[in-house]
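> This one is upload24.pdb, PDB, C-alpha atoms.
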ATOM      1  CA  MET A   1      92.428 112.261 117.217
ATOM      2  CA  THR A   2      92.252 111.231 113.554
ATOM      3  CA  ILE A   3      93.957 108.685 111.323
ATOM      4  CA  THR A   4      95.250 111.565 109.189
ATOM      5  CA  GLN A   5      96.919 113.161 112.210
ATOM      6  CA  LEU A   6      98.605 109.868 113.036
ATOM      7  CA  GLN A   7      99.786 109.524 109.432
ATOM      8  CA  TYR A   8     101.328 113.003 109.636
ATOM      9  CA  VAL A   9     103.058 112.080 112.903
ATOM     10  CA  LEU A  10     104.540 108.995 111.257
ATOM     11  CA  ALA A  11     105.779 111.086 108.329
ATOM     12  CA  VAL A  12     107.518 113.583 110.615
ATOM     13  CA  ALA A  13     109.003 110.742 112.656
ATOM     14  CA  GLU A  14     110.421 109.159 109.501
ATOM     15  CA  TYR A  15     111.805 112.248 107.769
ATOM     16  CA  GLN A  16     112.623 114.286 110.919
ATOM     17  CA  ASN A  17     111.609 117.397 109.023
ATOM     18  CA  PHE A  18     108.159 119.021 108.805
ATOM     19  CA  THR A  19     108.688 120.410 105.291
ATOM     20  CA  LEU A  20     109.829 117.087 103.839
ATOM     21  CA  ALA A  21     107.103 115.196 105.722
ATOM     22  CA  ALA A  22     104.483 117.532 104.241
ATOM     23  CA  GLU A  23     105.918 117.063 100.755
ATOM     24  CA  LYS A  24     105.813 113.271 101.086
ATOM     25  CA  SER A  25     102.267 113.484 102.484
ATOM     26  CA  PHE A  26     101.112 115.724  99.592
ATOM     27  CA  VAL A  27      99.924 118.544 101.878
ATOM     28  CA  THR A  28     101.246 121.985 102.695
ATOM     29  CA  GLN A  29     103.696 122.338 105.550
ATOM     30  CA  PRO A  30     101.386 124.624 107.604
ATOM     31  CA  THR A  31      98.539 122.099 107.296
ATOM     32  CA  LEU A  32     100.694 119.205 108.491
ATOM     33  CA  SER A  33     102.257 121.232 111.312
ATOM     34  CA  MET A  34      98.852 122.420 112.517
ATOM     35  CA  GLN A  35      97.431 118.878 112.625
ATOM     36  CA  VAL A  36     100.439 117.533 114.532
ATOM     37  CA  GLN A  37     100.173 120.456 116.962
ATOM     38  CA  LYS A  38      96.453 119.779 117.472
ATOM     39  CA  LEU A  39      97.217 116.165 118.356
ATOM     40  CA  GLU A  40      99.923 117.205 120.807
ATOM     41  CA  ASP A  41      97.529 119.704 122.402
ATOM     42  CA  GLU A  42      94.814 117.062 122.705
ATOM     43  CA  LEU A  43      97.210 114.606 124.346
ATOM     44  CA  ASP A  44      98.908 117.355 126.339
ATOM     45  CA  VAL A  45     102.392 116.062 125.482
ATOM     46  CA  LEU A  46     105.202 116.931 123.068
ATOM     47  CA  ILE A  47     105.717 114.218 120.465
ATOM     48  CA  PHE A  48     108.597 116.048 118.793
ATOM     49  CA  ASP A  49     111.421 118.187 120.145
ATOM     50  CA  ARG A  50     111.491 120.986 117.574
ATOM     51  CA  SER A  51     114.514 122.679 119.158
ATOM     52  CA  LYS A  52     116.826 120.004 117.762
ATOM     53  CA  LYS A  53     118.048 119.662 114.171
ATOM     54  CA  PRO A  54     117.026 117.289 112.815
ATOM     55  CA  ILE A  55     113.789 117.117 114.799
ATOM     56  CA  ALA A  56     113.985 114.539 117.589
ATOM     57  CA  ILE A  57     111.228 112.307 118.945
ATOM     58  CA  THR A  58     110.598 112.612 122.665
ATOM     59  CA  GLU A  59     110.547 109.511 124.865
ATOM     60  CA  VAL A  60     106.741 109.539 125.085
ATOM     61  CA  GLY A  61     106.679 110.386 121.389
ATOM     62  CA  LYS A  62     108.488 107.134 120.591
ATOM     63  CA  LYS A  63     105.715 105.186 122.299
ATOM     64  CA  ILE A  64     103.054 107.206 120.456
ATOM     65  CA  VAL A  65     104.765 106.624 117.098
ATOM     66  CA  ALA A  66     104.949 102.866 117.724
ATOM     67  CA  GLN A  67     101.235 102.743 118.547
ATOM     68  CA  ALA A  68     100.380 105.018 115.613
ATOM     69  CA  LYS A  69     102.001 102.510 113.235
ATOM     70  CA  ASN A  70      99.687  99.787 114.549
ATOM     71  CA  ILE A  71      96.589 101.977 114.337
ATOM     72  CA  VAL A  72      97.279 103.183 110.787
ATOM     73  CA  ALA A  73      97.980  99.611 109.655
ATOM     74  CA  GLU A  74      94.768  98.321 111.227
ATOM     75  CA  ALA A  75      92.799 101.164 109.658
ATOM     76  CA  GLY A  76      94.137 100.101 106.275
ATOM     77  CA  ARG A  77      92.895  96.593 106.955
ATOM     78  CA  ILE A  78      89.280  97.840 106.913
ATOM     79  CA  LYS A  79      89.534  98.622 103.192
ATOM     80  CA  ASP A  80      91.153  95.214 102.682
ATOM     81  CA  ILE A  81      88.184  93.529 104.370
ATOM     82  CA  VAL A  82      85.773  95.316 102.031
ATOM     83  CA  ASP A  83      87.872  94.551  98.933
ATOM     84  CA  GLN A  84      88.146  90.881  99.845
ATOM     85  CA  ASP A  85      84.414  90.650 100.539
ATOM     86  CA  LYS A  86      83.718  92.063  97.087
ATOM     87  CA  GLY A  87      86.356  89.843  95.484
ATOM     88  CA  PHE A  88      88.129  92.974  94.260
ATOM     89  CA  ILE A  89      91.800  92.725  93.335
ATOM     90  CA  GLY A  90      92.984  96.182  92.405
ATOM     91  CA  GLY A  91      94.528  99.452  93.520
ATOM     92  CA  ASP A  92      98.115 100.511  94.132
ATOM     93  CA  PHE A  93     100.577  97.804  95.150
ATOM     94  CA  THR A  94     104.251  98.607  95.713
ATOM     95  CA  LEU A  95     106.609  95.674  95.204
ATOM     96  CA  GLY A  96     110.319  95.680  95.978
ATOM     97  CA  ILE A  97     112.755  93.296  94.260
ATOM     98  CA  ILE A  98     116.444  92.758  95.015
ATOM     99  CA  PRO A  99     118.884  93.588  92.157
ATOM    100  CA  THR A 100     120.069  89.997  91.578
ATOM    101  CA  ILE A 101     116.484  88.861  90.908
ATOM    102  CA  MET A 102     114.965  91.850  89.099
ATOM    103  CA  PRO A 103     116.483  91.389  85.582
ATOM    104  CA  THR A 104     115.627  87.698  85.253
ATOM    105  CA  LEU A 105     112.362  87.252  87.151
ATOM    106  CA  LEU A 106     110.491  90.476  86.328
ATOM    107  CA  PRO A 107     110.248  89.850  82.540
ATOM    108  CA  MET A 108     108.966  86.352  83.262
ATOM    109  CA  PHE A 109     105.870  87.336  85.246
ATOM    110  CA  LEU A 110     105.088  91.044  84.736
ATOM    111  CA  SER A 111     103.179  90.773  81.467
ATOM    112  CA  SER A 112     101.124  87.798  82.693
ATOM    113  CA  PHE A 113     100.244  89.537  85.956
ATOM    114  CA  ILE A 114      99.193  92.788  84.261
ATOM    115  CA  LYS A 115      96.945  90.920  81.827
ATOM    116  CA  LYS A 116      95.347  88.808  84.542
ATOM    117  CA  TYR A 117      94.883  91.662  87.056
ATOM    118  CA  PRO A 118      94.470  94.877  85.039
ATOM    119  CA  LYS A 119      92.996  96.799  87.994
ATOM    120  CA  VAL A 120      96.201  96.485  90.018
ATOM    121  CA  ASN A 121      98.582  99.420  89.662
ATOM    122  CA  LEU A 122     101.872  97.622  90.266
ATOM    123  CA  ILE A 123     104.702  99.932  91.377
ATOM    124  CA  ILE A 124     108.059  98.136  91.265
ATOM    125  CA  LYS A 125     111.227  99.263  93.036
ATOM    126  CA  GLU A 126     114.680  97.684  92.865
ATOM    127  CA  GLN A 127     116.222  97.766  96.335
ATOM    128  CA  ALA A 128     118.804  95.933  98.424
ATOM    129  CA  THR A 129     117.539  93.489 101.038
ATOM    130  CA  ASN A 130     118.163  95.735 104.062
ATOM    131  CA  THR A 131     116.257  98.565 102.359
ATOM    132  CA  LEU A 132     113.369  96.226 101.521
ATOM    133  CA  ILE A 133     113.084  95.135 105.146
ATOM    134  CA  LYS A 134     113.032  98.723 106.426
ATOM    135  CA  ASN A 135     110.490  99.825 103.820
ATOM    136  CA  ILE A 136     108.200  96.896 104.638
ATOM    137  CA  GLN A 137     108.394  97.848 108.308
ATOM    138  CA  ASP A 138     107.679 101.527 107.521
ATOM    139  CA  GLY A 139     104.774 100.672 105.214
ATOM    140  CA  HIS A 140     106.424 101.946 102.014
ATOM    141  CA  LEU A 141     106.364  98.494 100.410
ATOM    142  CA  ASP A 142     103.378  96.148 100.323
ATOM    143  CA  ALA A 143     105.589  93.157  99.568
ATOM    144  CA  ALA A 144     108.989  92.247  98.178
ATOM    145  CA  ILE A 145     110.844  89.439  96.434
ATOM    146  CA  ALA A 146     114.116  88.492  98.101
ATOM    147  CA  ALA A 147     116.435  85.636  98.977
ATOM    148  CA  THR A 148     115.434  83.994 102.248
ATOM    149  CA  PRO A 149     115.472  82.972 105.068
ATOM    150  CA  LEU A 150     115.904  86.423 106.605
ATOM    151  CA  GLU A 151     114.916  85.700 110.214
ATOM    152  CA  VAL A 152     113.072  89.006 110.660
ATOM    153  CA  GLU A 153     110.386  88.853 113.356
ATOM    154  CA  PHE A 154     107.761  91.039 111.650
ATOM    155  CA  ILE A 155     108.134  89.570 108.150
ATOM    156  CA  LYS A 156     106.292  86.599 106.697
ATOM    157  CA  GLU A 157     108.118  84.565 104.020
ATOM    158  CA  ARG A 158     106.363  82.580 101.264
ATOM    159  CA  PRO A 159     108.849  80.604  99.130
ATOM    160  CA  LEU A 160     108.321  80.961  95.368
ATOM    161  CA  TYR A 161     111.124  78.767  94.025
ATOM    162  CA  TYR A 162     114.614  77.447  94.710
ATOM    163  CA  GLU A 163     117.275  78.733  92.345
ATOM    164  CA  PRO A 164     120.476  76.655  92.093
ATOM    165  CA  PHE A 165     123.947  78.175  91.977
ATOM    166  CA  VAL A 166     125.847  77.418  88.759
ATOM    167  CA  GLY A 167     129.589  77.672  88.328
ATOM    168  CA  TYR A 168     131.033  79.681  85.433
ATOM    169  CA  VAL A 169     134.483  78.212  84.807
ATOM    170  CA  PRO A 170     136.710  79.477  81.947
ATOM    171  CA  ASP A 171     138.941  77.100  79.958
ATOM    172  CA  ASN A 172     142.142  78.022  81.804
ATOM    173  CA  HIS A 173     140.718  77.480  85.285
ATOM    174  CA  ARG A 174     141.784  74.582  87.522
ATOM    175  CA  LEU A 175     138.186  73.230  87.544
ATOM    176  CA  ALA A 176     137.687  73.402  83.768
ATOM    177  CA  THR A 177     138.254  69.668  83.255
ATOM    178  CA  LEU A 178     135.479  68.701  85.678
ATOM    179  CA  LYS A 179     132.032  67.880  84.309
ATOM    180  CA  LYS A 180     130.411  68.640  87.684
ATOM    181  CA  ILE A 181     131.701  70.559  90.650
ATOM    182  CA  SER A 182     131.093  70.325  94.388
ATOM    183  CA  THR A 183     131.265  72.876  97.186
ATOM    184  CA  SER A 184     134.541  71.303  98.355
ATOM    185  CA  ASP A 185     136.124  72.323  95.017
ATOM    186  CA  LEU A 186     135.500  76.012  95.641
ATOM    187  CA  ASP A 187     138.171  78.437  96.775
ATOM    188  CA  ILE A 188     136.827  81.870  97.709
ATOM    189  CA  SER A 189     140.167  83.451  96.740
ATOM    190  CA  ASP A 190     139.630  82.745  93.024
ATOM    191  CA  ILE A 191     135.878  83.424  92.834
ATOM    192  CA  LEU A 192     134.820  86.776  91.388
ATOM    193  CA  LEU A 193     132.143  88.286  93.655
ATOM    194  CA  LEU A 194     129.382  90.840  93.494
ATOM    195  CA  GLN A 195     129.906  94.055  95.418
ATOM    196  CA  ASP A 196     129.244  94.148  99.139
ATOM    197  CA  GLY A 197     125.558  94.625  99.935
ATOM    198  CA  HIS A 198     124.263  91.942  97.537
ATOM    199  CA  CYS A 199     122.740  88.987  99.363
ATOM    200  CA  PHE A 200     123.893  86.648  96.543
ATOM    201  CA  ARG A 201     127.464  87.614  97.437
ATOM    202  CA  ASP A 202     126.808  86.645 101.069
ATOM    203  CA  GLY A 203     125.329  83.357  99.887
ATOM    204  CA  VAL A 204     128.480  82.573  97.870
ATOM    205  CA  ILE A 205     130.698  83.416 100.844
ATOM    206  CA  ASN A 206     128.578  81.183 103.101
ATOM    207  CA  LEU A 207     128.833  78.416 100.503
ATOM    208  CA  CYS A 208     132.639  78.596 100.473
ATOM    209  CA  LYS A 209     133.442  77.495 103.998
ATOM    210  CA  SER A 210     136.965  78.944 104.079
ATOM    211  CA  PRO A 211     139.673  80.223 101.716
ATOM    212  CA  LYS A 212     142.293  77.710 100.651
ATOM    213  CA  ASN A 213     144.967  80.005  99.296
ATOM    214  CA  SER A 214     144.182  83.411 100.784
ATOM    215  CA  ASP A 215     147.906  84.177 101.297
ATOM    216  CA  ASP A 216     148.473  83.900  97.544
ATOM    217  CA  GLU A 217     145.747  86.398  96.623
ATOM    218  CA  GLN A 218     147.171  88.921  94.123
ATOM    219  CA  PHE A 219     144.052  91.018  93.472
ATOM    220  CA  LYS A 220     140.445  91.447  94.521
ATOM    221  CA  ILE A 221     137.686  92.308  92.057
ATOM    222  CA  GLU A 222     134.062  92.985  92.948
ATOM    223  CA  SER A 223     131.351  94.056  90.498
ATOM    224  CA  GLY A 224     127.705  95.079  90.556
ATOM    225  CA  SER A 225     126.621  92.861  87.648
ATOM    226  CA  PHE A 226     126.827  89.196  86.695
ATOM    227  CA  GLU A 227     127.617  90.161  83.093
ATOM    228  CA  THR A 228     130.795  91.915  84.219
ATOM    229  CA  LEU A 229     131.790  88.930  86.351
ATOM    230  CA  VAL A 230     131.366  86.596  83.363
ATOM    231  CA  ASN A 231     133.451  88.867  81.124
ATOM    232  CA  LEU A 232     136.211  89.134  83.743
ATOM    233  CA  SER A 233     136.138  85.378  84.137
ATOM    234  CA  ASN A 234     136.615  84.981  80.387
ATOM    235  CA  GLU A 235     139.745  87.148  80.704
ATOM    236  CA  GLY A 236     141.258  84.527  82.993
ATOM    237  CA  LEU A 237     140.775  86.401  86.271
ATOM    238  CA  GLY A 238     138.955  83.595  88.046
ATOM    239  CA  MET A 239     135.671  81.718  88.058
ATOM    240  CA  THR A 240     132.328  82.994  89.300
ATOM    241  CA  LEU A 241     128.969  81.678  90.443
ATOM    242  CA  LEU A 242     125.655  82.604  88.822
ATOM    243  CA  PRO A 243     121.999  82.115  89.771
ATOM    244  CA  TYR A 244     120.427  79.524  87.452
ATOM    245  CA  LEU A 245     118.025  81.946  85.740
ATOM    246  CA  ASN A 246     120.963  84.169  84.763
ATOM    247  CA  THR A 247     122.458  81.296  82.773
ATOM    248  CA  LEU A 248     119.469  80.896  80.454
ATOM    249  CA  GLU A 249     120.282  83.985  78.363
ATOM    250  CA  LEU A 250     123.991  83.207  77.881
ATOM    251  CA  ASP A 251     125.168  82.545  74.321
ATOM    252  CA  ASP A 252     126.380  79.077  73.305
ATOM    253  CA  PHE A 253     130.057  80.005  73.747
ATOM    254  CA  LYS A 254     129.523  81.064  77.343
ATOM    255  CA  LYS A 255     127.224  78.135  78.137
ATOM    256  CA  LYS A 256     130.173  75.795  77.453
ATOM    257  CA  ASN A 257     131.797  77.232  80.573
ATOM    258  CA  LEU A 258     128.891  76.394  82.870
ATOM    259  CA  ARG A 259     129.482  73.748  85.506
ATOM    260  CA  TYR A 260     126.560  72.395  87.505
ATOM    261  CA  PHE A 261     126.944  71.156  91.059
ATOM    262  CA  SER A 262     126.626  67.555  92.146
ATOM    263  CA  LYS A 263     123.368  66.911  93.998
ATOM    264  CA  PRO A 264     122.187  68.281  96.277
ATOM    265  CA  SER A 265     122.847  71.497  94.363
ATOM    266  CA  PRO A 266     123.472  74.576  96.508
ATOM    267  CA  ALA A 267     120.593  76.973  95.892
ATOM    268  CA  ARG A 268     119.022  80.167  97.111
ATOM    269  CA  GLU A 269     115.437  80.265  98.310
ATOM    270  CA  ILE A 270     113.469  83.061  96.613
ATOM    271  CA  SER A 271     110.399  84.184  98.526
ATOM    272  CA  LEU A 272     107.611  86.691  98.456
ATOM    273  CA  ILE A 273     107.952  88.567 101.746
ATOM    274  CA  TYR A 274     105.528  90.947 103.443
ATOM    275  CA  HIS A 275     104.529  92.319 106.840
ATOM    276  CA  LYS A 276     102.738  89.939 109.177
ATOM    277  CA  SER A 277      99.824  92.387 109.308
ATOM    278  CA  GLU A 278      99.021  90.989 105.810
ATOM    279  CA  LEU A 279      97.606  94.191 104.341
ATOM    280  CA  LYS A 280      96.481  93.812 100.699
ATOM    281  CA  ILE A 281      96.875  90.053 101.103
ATOM    282  CA  GLN A 282      94.561  89.350  98.151
ATOM    283  CA  ILE A 283      97.046  91.036  95.770
ATOM    284  CA  THR A 284      99.982  89.310  97.470
ATOM    285  CA  GLU A 285      98.307  85.932  96.921
ATOM    286  CA  ALA A 286      97.626  86.804  93.289
ATOM    287  CA  LEU A 287     101.295  87.687  92.776
ATOM    288  CA  LYS A 288     102.439  84.444  94.364
ATOM    289  CA  GLU A 289     100.141  82.389  92.162
ATOM    290  CA  VAL A 290     101.289  84.055  88.924
ATOM    291  CA  ILE A 291     105.016  83.970  89.737
ATOM    292  CA  SER A 292     104.959  80.365  90.950
ATOM    293  CA  SER A 293     103.143  79.167  87.828
ATOM    294  CA  VAL A 294     105.550  80.972  85.483
ATOM    295  CA  VAL A 295     108.767  79.927  87.219
ATOM    296  CA  ARG A 296     107.674  76.323  87.649
ATOM    297  CA  GLY A 297     108.333  75.750  83.957
ATOM    298  CA  ALA A 298     111.820  77.259  84.081
ATOM    299  CA  ILE A 299     113.227  75.576  87.200
ATOM    300  CA  ALA A 300     112.633  71.883  87.657
ATOM    301  CA  PHE A 301     115.350  71.308  90.279
ATOM    302  CA  GLN A 302     114.188  69.600  93.451
ATOM    303  CA  ASP A 303     117.263  68.087  95.146
ATOM    304  CA  VAL A 304     118.821  71.265  96.500
ATOM    305  CA  GLN A 305     120.557  72.556  99.624
ATOM    306  CA  ILE A 306     119.418  76.031 100.651
ATOM    307  CA  ILE A 307     122.275  78.458 101.294
ATOM    308  CA  SER A 308     121.474  81.310 103.695
ATOM    309  CA  PRO A 309     121.766  84.881 102.372
ATOM    310  CA  ILE A 310     122.427  86.216 105.886
ATOM    311  CA  ALA A 311     125.946  87.638 106.145
ATOM    312  CA  LYS A 312     128.053  85.773 108.681
ATOM    313  CA  ASN A 313     130.369  87.741 110.949
TER
END
Would you mind writing the file out in structure tokens?

Amino acid sequence: MTITQLQYVLAVAEYQNFTLAAEKSFVTQPTLSMQVQKLEDELDVLIFDRSKKPIAITEVGKKIVAQAKNIVAEAGRIKDIVDQDKGFIGGDFTLGIIPTIMPTLLPMFLSSFIKKYPKVNLIIKEQATNTLIKNIQDGHLDAAIAATPLEVEFIKERPLYYEPFVGYVPDNHRLATLKKISTSDLDISDILLLQDGHCFRDGVINLCKSPKNSDDEQFKIESGSFETLVNLSNEGLGMTLLPYLNTLELDDFKKKNLRYFSKPSPAREISLIYHKSELKIQITEALKEVISSVVRGAIAFQDVQIISPIAKN
């Protein structure tokens, strides 16, 4: 039994197809199939039921796959031990970032991180929270940046900063005369929201305890970008809520429509998340240090109330 064989088994289990698993493993399909077959012969069991389409994992195969994940992860830790002993911070590191954080945070820290750690090959992927969690579990991401808490058993969360919600209220809105707003002022029926699947949307819904005038709702608009929500708001279609960092790049005209919350400000907790196995932890720590130092100058808010990004049923 070899680590390579176990890696091939994990690939087949994930993609449920030998050809695709071979492609993702950068080997030929016959090579991968032969190695998986050799492992099955050695163990004298069938890990995969090849008669089904897509390929199914047998009951004993499910147990083997679960153990293989642990073994492959622990094998990877050996290289980590050597790298840490040598004080080496380098190599490939795949980082996921949720869409509502990527445009504002990435430009703030990427250049600094690359300059400070030139031997790290940082691979960045924009993905929704549920995808990040699955890819961390499957070993496709080394770490991710997301809104927390997530309450996922195998994930460790390291808070980076707390980003307040800010109201964007056009002149014709019922809240336009207020200098500050509170959560009790909000009515979910006149707040423009991001599309379903964005954790910031879930945070806004959790913030607004219940609709006040849901029976009077004439339309429902959801968008994938904050810029679109701001533009729709300016057309008199409602107010919206923005993460604080998204407000920094607004022009002076749009900044006049910003309304901050009375303290404690509702905020989202932004964390660096990774598997509890802590593979490549030296790079994770380096990322945390760089991001925290950069963001510290941009967000000085302390008196905040964390709003959960977990969708409520």
> Measuring between only C-alpha atoms, which one of A:Lys62, A:Arg259, A:Arg174, A:His140 shows the shortest distance to Ile124 of chain A?
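Once distances to Ile124 of chain A are computed over only C-alpha atoms, the minimum belongs to A:His140.
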> Per residue of segment 266-287 of chain A within 12 Å of segment 230-244 of chain A, which atom pair is closest and at what distance in Å (one decimal), using only C-alpha atoms, listed by chain and increasing number, as JSON lines?

{"residue": "A:Pro266", "atom": "CA", "partner": "A:Pro243", "partner_atom": "CA", "distance": 10.2}
{"residue": "A:Ala267", "atom": "CA", "partner": "A:Pro243", "partner_atom": "CA", "distance": 8.1}
{"residue": "A:Arg268", "atom": "CA", "partner": "A:Pro243", "partner_atom": "CA", "distance": 8.2}
{"residue": "A:Glu269", "atom": "CA", "partner": "A:Pro243", "partner_atom": "CA", "distance": 10.9}
{"residue": "A:Ile270", "atom": "CA", "partner": "A:Pro243", "partner_atom": "CA", "distance": 11.0}
> Would you save the residues of that selection, restricted to C-alpha atoms, as a compact mmCIF listing (two decimals), keeping the file's coordinate frame?

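And here's part_33.txt as it stands now:
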# COMPACT_ATOMS: atom_id res chain seq x y z
CA PRO A 266 123.47 74.58 96.51
CA ALA A 267 120.59 76.97 95.89
CA ARG A 268 119.02 80.17 97.11
CA GLU A 269 115.44 80.26 98.31
CA ILE A 270 113.47 83.06 96.61
> Could you expand the PyMOL selection byres ((chain A and resi 104-117) around 8) into the explicit residues it covers here, written as a PDB file with C-alpha atoms, in the coordinates of the input?

ATOM      1  CA  ILE A  89      91.800  92.725  93.335  1.00  0.00           C
ATOM      2  CA  GLY A  90      92.984  96.182  92.405  1.00  0.00           C
ATOM      3  CA  ILE A 101     116.484  88.861  90.908  1.00  0.00           C
ATOM      4  CA  MET A 102     114.965  91.850  89.099  1.00  0.00           C
ATOM      5  CA  PRO A 103     116.483  91.389  85.582  1.00  0.00           C
ATOM      6  CA  PRO A 118      94.470  94.877  85.039  1.00  0.00           C
ATOM      7  CA  LYS A 119      92.996  96.799  87.994  1.00  0.00           C
ATOM      8  CA  VAL A 120      96.201  96.485  90.018  1.00  0.00           C
ATOM      9  CA  LEU A 245     118.025  81.946  85.740  1.00  0.00           C
ATOM     10  CA  ASN A 246     120.963  84.169  84.763  1.00  0.00           C
ATOM     11  CA  LEU A 287     101.295  87.687  92.776  1.00  0.00           C
ATOM     12  CA  VAL A 290     101.289  84.055  88.924  1.00  0.00           C
ATOM     13  CA  ILE A 291     105.016  83.970  89.737  1.00  0.00           C
ATOM     14  CA  VAL A 294     105.550  80.972  85.483  1.00  0.00           C
ATOM     15  CA  VAL A 295     108.767  79.927  87.219  1.00  0.00           C
TER      16      VAL A 295
END
> Nearest to Lys179 of chain A: which of A:Pro309, A:Asp202, A:Val12, A:Ser262 is it, counting all atoms listed in the file?
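Checking each candidate against Lys179 of chain A, we get A:Ser262 as the closest.
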> With only C-alpha atoms as the counted atoms, please give the residues lying no more than 12 Å from Pro149 of chain A, apart from itself and same-chain residues fewer than 3 positions off, as a PyMOL selection string.
chain A and resi 129+145-146+152-153+155-159+162+199+203+268-273+306-311
> Could you check how far atom CA of Ile97 of chain A sits from atom CA of Ala147 of chain A, in Å to one decimal?
9.7 Å
> Can you work out which one of A:Gly61, A:Ile283, A:Asn257, A:Leu186 has the shortest atom-to-atom distance to Leu10 of chain A, counting all atoms listed in the file?
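Closest to Leu10 of chain A, using all atoms listed in the file: A:Gly61.
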> Go ahead and compute the interatomic distance for atom CA of Ile47 of chain A and atom CA of Leu279 of chain A, in Å to one decimal.
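The value is 27.0 Å.
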> As an exercise, work out the distance from atom CA of Thr2 of chain A to atom CA of Leu122 of chain A in Å and give it to one decimal place.
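Result for atom CA of Thr2 of chain A versus atom CA of Leu122 of chain A: 28.6 Å, one decimal.
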> Residues near Lys134 of chain A, anyone? I mean within 12 Å using only C-alpha atoms, not counting same-chain ones fewer than 4 positions away, as a PyMOL selection string.
chain A and resi 14+96+127-130+138-144+152+154-155+274-275
> For this structure, which residues satisfy the selection - the PyMOL selection byres ((chain A and resi 5) around 12) - when it is evaluated on the file as given? I want them as an MDAnalysis selection string.
chainID A and resid 1:4 6:12 22 25 31:40 42 64:65 68:69 71:72
> Using all atoms listed in the file, can you tell me which of A:Thr247, A:Asn206, A:Asn121, A:Gln305 comes closest to Gly91 of chain A?
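Of A:Thr247, A:Asn206, A:Asn121, A:Gln305, the one nearest Gly91 of chain A, counting all atoms listed in the file, is A:Asn121.
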> So, with all atoms listed in the file as the atoms that count, which of A:Glu227, A:Asp190, A:Glu59, A:Glu23 lies closest to Asp251 of chain A?
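Smallest distance to Asp251 of chain A is found for A:Glu227.
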> Give me segment 169-173 of chain A with all heavy atoms filled in, as an mmCIF file, keeping the file's coordinate frame.

data_model
loop_
_atom_site.group_PDB
_atom_site.id
_atom_site.type_symbol
_atom_site.label_atom_id
_atom_site.label_comp_id
_atom_site.auth_asym_id
_atom_site.auth_seq_id
_atom_site.Cartn_x
_atom_site.Cartn_y
_atom_site.Cartn_z
ATOM 1 N N VAL A 169 133.069 78.576 84.726
ATOM 2 C CA VAL A 169 134.483 78.212 84.807
ATOM 3 C C VAL A 169 135.138 78.345 83.428
ATOM 4 O O VAL A 169 134.815 77.577 82.513
ATOM 5 C CB VAL A 169 134.636 76.758 85.316
ATOM 6 C CG1 VAL A 169 136.107 76.420 85.492
ATOM 7 C CG2 VAL A 169 133.874 76.562 86.624
ATOM 8 N N PRO A 170 136.051 79.301 83.240
ATOM 9 C CA PRO A 170 136.710 79.477 81.947
ATOM 10 C C PRO A 170 137.686 78.331 81.656
ATOM 11 O O PRO A 170 138.067 77.577 82.560
ATOM 12 C CB PRO A 170 137.452 80.814 82.095
ATOM 13 C CG PRO A 170 137.709 80.931 83.566
ATOM 14 C CD PRO A 170 136.528 80.297 84.239
ATOM 15 N N ASP A 171 138.102 78.225 80.398
ATOM 16 C CA ASP A 171 138.941 77.100 79.958
ATOM 17 C C ASP A 171 140.236 76.963 80.742
ATOM 18 O O ASP A 171 140.727 75.851 80.948
ATOM 19 C CB ASP A 171 139.277 77.246 78.460
ATOM 20 C CG ASP A 171 138.054 76.988 77.584
ATOM 21 O OD1 ASP A 171 137.131 76.312 78.069
ATOM 22 O OD2 ASP A 171 138.021 77.474 76.437
ATOM 23 N N ASN A 172 140.826 78.086 81.152
ATOM 24 C CA ASN A 172 142.142 78.022 81.804
ATOM 25 C C ASN A 172 142.069 77.827 83.313
ATOM 26 O O ASN A 172 143.075 77.870 84.001
ATOM 27 C CB ASN A 172 142.934 79.304 81.498
ATOM 28 C CG ASN A 172 142.227 80.559 82.005
ATOM 29 O OD1 ASN A 172 141.080 80.499 82.437
ATOM 30 N ND2 ASN A 172 142.918 81.692 81.949
ATOM 31 N N HIS A 173 140.881 77.607 83.835
ATOM 32 C CA HIS A 173 140.718 77.480 85.285
ATOM 33 C C HIS A 173 141.003 76.053 85.733
ATOM 34 O O HIS A 173 140.814 75.091 84.976
ATOM 35 C CB HIS A 173 139.288 77.885 85.689
ATOM 36 C CG HIS A 173 139.112 78.097 87.150
ATOM 37 N ND1 HIS A 173 138.777 77.072 88.013
ATOM 38 C CD2 HIS A 173 139.246 79.208 87.920
ATOM 39 C CE1 HIS A 173 138.694 77.552 89.249
ATOM 40 N NE2 HIS A 173 138.971 78.843 89.218
#
